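Take a look at the structure set out below.
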Amino acid sequence: VKFELLGALALAAVRGGNAFVSSFVSSSRSPAAAGSLASFPSTALRASYSPVFDFTLADETTKQKSAESFERIDDAIMGGISQSALRDVPNKEYASWSGVCRLDGGGFCGMRTLPFTVPLNATGYDGVYICCQLASDDEADRRMWKLTVRTDSSRGEQVYQSQFDLAAEIDAAKASGGKWAEVKVPFDSFQLVRGPRLIPDGPKLDVTGGIYQIGMTLSKFKMAVNTTQLENFRDGFFEMRIKEIGFYEEGGQYTTGDINVPETLSKKEAESKRPLLLKMLLPVAKVFFSEQANRRRSAMRILREERGLSRGQAIRFGIRTRTKTLGLLPSLFRTGAIVSIDSFRSIVFNVLKIVLVYPLRLIGKAVRTARRHLG
């Protein structure tokens, strides 16, 4: 319901998009960066690699700019409380993507590049590669790992995505005596999705028009037509260390040249280029999907379901906890404000479900029924 409500609010806006940018940029491996290939399994020599984002120590400016190109995209939008970030690690040959994935209301962590000012030219390449290792644990198979690419300038939820078997690539690296997994994800494995759901009969990925965004997700959701969850999903802390992200070509020859990290819009610039309607609707959406509100709901659930407190007892527990740092009177005022805001949010959210989401569901059901009858 939360996905449908947010989608209904922003549907008209996200279709606006920016105009297509006709020029492209490309990057190729420099001699210095090629040295990091020694950490790949021997099978990596069968393909050529062109890093787009280089987190090694080959060039400090490139390393920092690569890390600054990404933003988080966690499950707060669907009521979750997961948090993650990609961070540069000074004096180390990698960047760290780490965080805590929670099941309460969500179940995924993600990162993606800020919008490229000019789309990446992927013509002639066979797919996207990542040189990485899972540093937090040895249970990569208990999470779904996905790569995402966007082939238009919109910021909508329809993107191309592909799952990859990180556990198998880690095992392959260890068998070859390496510490870093080489993950190669072919372009022809990407499928059109909306959120975690596959779009049936969606068009195949076509990269001839350029790639506008690259992202990665750790999730409890499998790619499927209907929402499907991994049964033994491991939540909690994770850390993936990443050396490079880029394009690969099977059987290609190495080329020399500098790594040109693509220019991206700043967060402020990206926000300013959003369609006017989306700018108006986002503050409304944040009212219903704020992370603070999600965390309060999670805390209330834990107190009531796991500690057996009533709602009133849970509120009094919050007052006592805040009193220790704020004092009694400020704690009472703050708790009262929180209860009032959350109650108002709940009322408005339920009203919107009744007047907006449920009618859209009925219309969608009627359309599907009519299509079946018409053949």
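In the structure tokens, the first chain shown is A, the next is B, and so on; residue numbers restart at 1 for each chain, and ligands run from 1 in the order shown.
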
Spatial neighbours of Leu57 in chain A, max dist 7 Å, only C-alpha atoms, sep filter under 4 positions, as an NGL selection string: :A and (63 or 92-93)

Just list as an MDAnalysis selection string whatever in range 172-318 of chain A DSSP marks as strand (DSSP E or B). chainID A and resid 181:186 191:194 197:198 211 213:219 221:222 224 228:229 236:250 264

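For the pair CA of Tyr125 in chain A and CA of Arg87 in chain A, the separation is 27.6 Å.
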
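Between CA of Met78 in chain A and CA of Ser298 in chain A the separation is 13.2 Å.
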
Identify all residues of range 47-216 of chain A in alpha helix (DSSP H) (DSSP on the backbone) and supply them as a ChimeraX atom specification. /A:60-68,166-175

Store the residues picked out above in a file with N, CA and C atoms, as a compact mmCIF listing (two decimals), in the first residue's frame.
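Writing done, so here's part.txt:
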```txt
# COMPACT_ATOMS: atom_id res chain seq x y z
N GLU A 60 44.44 9.47 -5.75
CA GLU A 60 43.62 9.88 -4.60
C GLU A 60 42.41 10.71 -5.03
N THR A 61 42.59 11.59 -6.01
CA THR A 61 41.48 12.42 -6.47
C THR A 61 40.37 11.57 -7.08
N THR A 62 40.78 10.60 -7.91
CA THR A 62 39.82 9.69 -8.52
C THR A 62 39.08 8.89 -7.45
N LYS A 63 39.81 8.43 -6.45
CA LYS A 63 39.23 7.63 -5.36
C LYS A 63 38.15 8.42 -4.61
N GLN A 64 38.46 9.66 -4.24
CA GLN A 64 37.51 10.48 -3.50
C GLN A 64 36.31 10.85 -4.36
N LYS A 65 36.56 11.22 -5.61
CA LYS A 65 35.46 11.61 -6.50
C LYS A 65 34.53 10.43 -6.77
N SER A 66 35.10 9.23 -6.88
CA SER A 66 34.29 8.04 -7.09
C SER A 66 33.33 7.83 -5.93
N ALA A 67 33.84 7.94 -4.69
CA ALA A 67 33.00 7.74 -3.51
C ALA A 67 31.92 8.82 -3.39
N GLU A 68 32.25 10.04 -3.76
CA GLU A 68 31.30 11.15 -3.64
C GLU A 68 30.21 11.11 -4.70
N LEU A 166 26.76 -13.50 -5.48
CA LEU A 166 27.99 -13.05 -4.86
C LEU A 166 28.73 -14.20 -4.18
N ALA A 167 27.98 -15.10 -3.55
CA ALA A 167 28.62 -16.23 -2.86
C ALA A 167 29.44 -17.08 -3.82
N ALA A 168 28.91 -17.33 -5.01
CA ALA A 168 29.62 -18.14 -6.00
C ALA A 168 30.89 -17.45 -6.47
N GLU A 169 30.83 -16.13 -6.65
CA GLU A 169 32.01 -15.39 -7.10
C GLU A 169 33.08 -15.33 -6.01
N ILE A 170 32.65 -15.25 -4.76
CA ILE A 170 33.60 -15.28 -3.64
C ILE A 170 34.30 -16.64 -3.59
N ASP A 171 33.53 -17.72 -3.76
CA ASP A 171 34.12 -19.07 -3.75
C ASP A 171 35.10 -19.23 -4.91
N ALA A 172 34.75 -18.68 -6.07
CA ALA A 172 35.63 -18.78 -7.24
C ALA A 172 36.94 -18.05 -6.99
N ALA A 173 36.86 -16.89 -6.33
CA ALA A 173 38.07 -16.13 -6.03
C ALA A 173 38.96 -16.90 -5.06
N LYS A 174 38.36 -17.49 -4.03
CA LYS A 174 39.14 -18.26 -3.05
C LYS A 174 39.79 -19.47 -3.70
N ALA A 175 39.07 -20.12 -4.62
CA ALA A 175 39.62 -21.30 -5.30
C ALA A 175 40.83 -20.95 -6.15
```

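If you look at CA of Ser82 in chain A and CA of Phe108 in chain A, they are 6.9 Å away from each other.
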
Residue with smallest distance to Leu120 in chain A - pool A:Gly246, A:Pro90, A:Gly105, A:Pro186, counting only C-alpha atoms: A:Gly246

Within 6 Å of range 128-133 of chain A, counting only C-alpha atoms, which residues qualify if same-chain residues fewer than 3 places away don't, as a ChimeraX atom specification? /A:180-185,240-247

Contacts of Ala299 in chain A at 10 Å (only C-alpha atoms; same-chain gap of 4+ positions) as a list in words: Asp104, Ala293, Asn294, Arg295, Leu303, Arg304, Glu305, Ala314 and Gly318 of chain A

Given the selection you just returned, output its residues as a file containing N, CA, C and O atoms, formatted as a PDB file, in the first residue's frame.
```pdb
ATOM      1  N   ASP A 104      12.026  -4.446   9.844  1.00  0.00           N
ATOM      2  CA  ASP A 104      10.853  -3.682  10.252  1.00  0.00           C
ATOM      3  C   ASP A 104      10.402  -2.747   9.132  1.00  0.00           C
ATOM      4  O   ASP A 104      11.041  -1.732   8.848  1.00  0.00           O
ATOM      5  N   ALA A 293       9.727   8.846  12.041  1.00  0.00           N
ATOM      6  CA  ALA A 293       8.424   8.234  12.324  1.00  0.00           C
ATOM      7  C   ALA A 293       8.497   6.720  12.201  1.00  0.00           C
ATOM      8  O   ALA A 293       7.900   5.986  13.001  1.00  0.00           O
ATOM      9  N   ASN A 294       9.240   6.233  11.193  1.00  0.00           N
ATOM     10  CA  ASN A 294       9.393   4.784  11.032  1.00  0.00           C
ATOM     11  C   ASN A 294      10.065   4.167  12.247  1.00  0.00           C
ATOM     12  O   ASN A 294       9.678   3.086  12.716  1.00  0.00           O
ATOM     13  N   ARG A 295      11.083   4.845  12.783  1.00  0.00           N
ATOM     14  CA  ARG A 295      11.797   4.318  13.938  1.00  0.00           C
ATOM     15  C   ARG A 295      10.923   4.338  15.192  1.00  0.00           C
ATOM     16  O   ARG A 295      11.006   3.445  16.035  1.00  0.00           O
ATOM     17  N   LEU A 303       8.258  -2.509  22.038  1.00  0.00           N
ATOM     18  CA  LEU A 303       7.799  -2.363  23.423  1.00  0.00           C
ATOM     19  C   LEU A 303       6.494  -3.110  23.671  1.00  0.00           C
ATOM     20  O   LEU A 303       6.298  -3.708  24.737  1.00  0.00           O
ATOM     21  N   ARG A 304       5.611  -3.105  22.675  1.00  0.00           N
ATOM     22  CA  ARG A 304       4.300  -3.734  22.871  1.00  0.00           C
ATOM     23  C   ARG A 304       4.356  -5.244  22.636  1.00  0.00           C
ATOM     24  O   ARG A 304       3.779  -6.025  23.406  1.00  0.00           O
ATOM     25  N   GLU A 305       5.040  -5.682  21.559  1.00  0.00           N
ATOM     26  CA  GLU A 305       5.019  -7.091  21.205  1.00  0.00           C
ATOM     27  C   GLU A 305       6.071  -7.900  21.943  1.00  0.00           C
ATOM     28  O   GLU A 305       5.817  -9.054  22.317  1.00  0.00           O
ATOM     29  N   ALA A 314       3.967   2.209  27.058  1.00  0.00           N
ATOM     30  CA  ALA A 314       5.083   2.507  26.159  1.00  0.00           C
ATOM     31  C   ALA A 314       5.334   4.011  26.078  1.00  0.00           C
ATOM     32  O   ALA A 314       6.479   4.461  26.058  1.00  0.00           O
ATOM     33  N   GLY A 318       8.664   6.168  27.256  1.00  0.00           N
ATOM     34  CA  GLY A 318       9.346   7.191  26.457  1.00  0.00           C
ATOM     35  C   GLY A 318       9.549   8.473  27.238  1.00  0.00           C
ATOM     36  O   GLY A 318      10.600   9.120  27.141  1.00  0.00           O
TER      37      GLY A 318
END
```

Residues within 12 Å of Thr217 in chain A, please, as a ChimeraX atom specification. Count only C-alpha atoms; anything in the same chain fewer than 2 positions from it doesn't count. /A:72-75,84-86,97-99,101,107-112,143-149,161-164,195-196,214-215,219-223,240

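With distances restricted to only C-alpha atoms, A:Asp188 is the closest residue to Lys204 in chain A from A:Asp59, A:Asp188, A:Glu269, A:Asp137.
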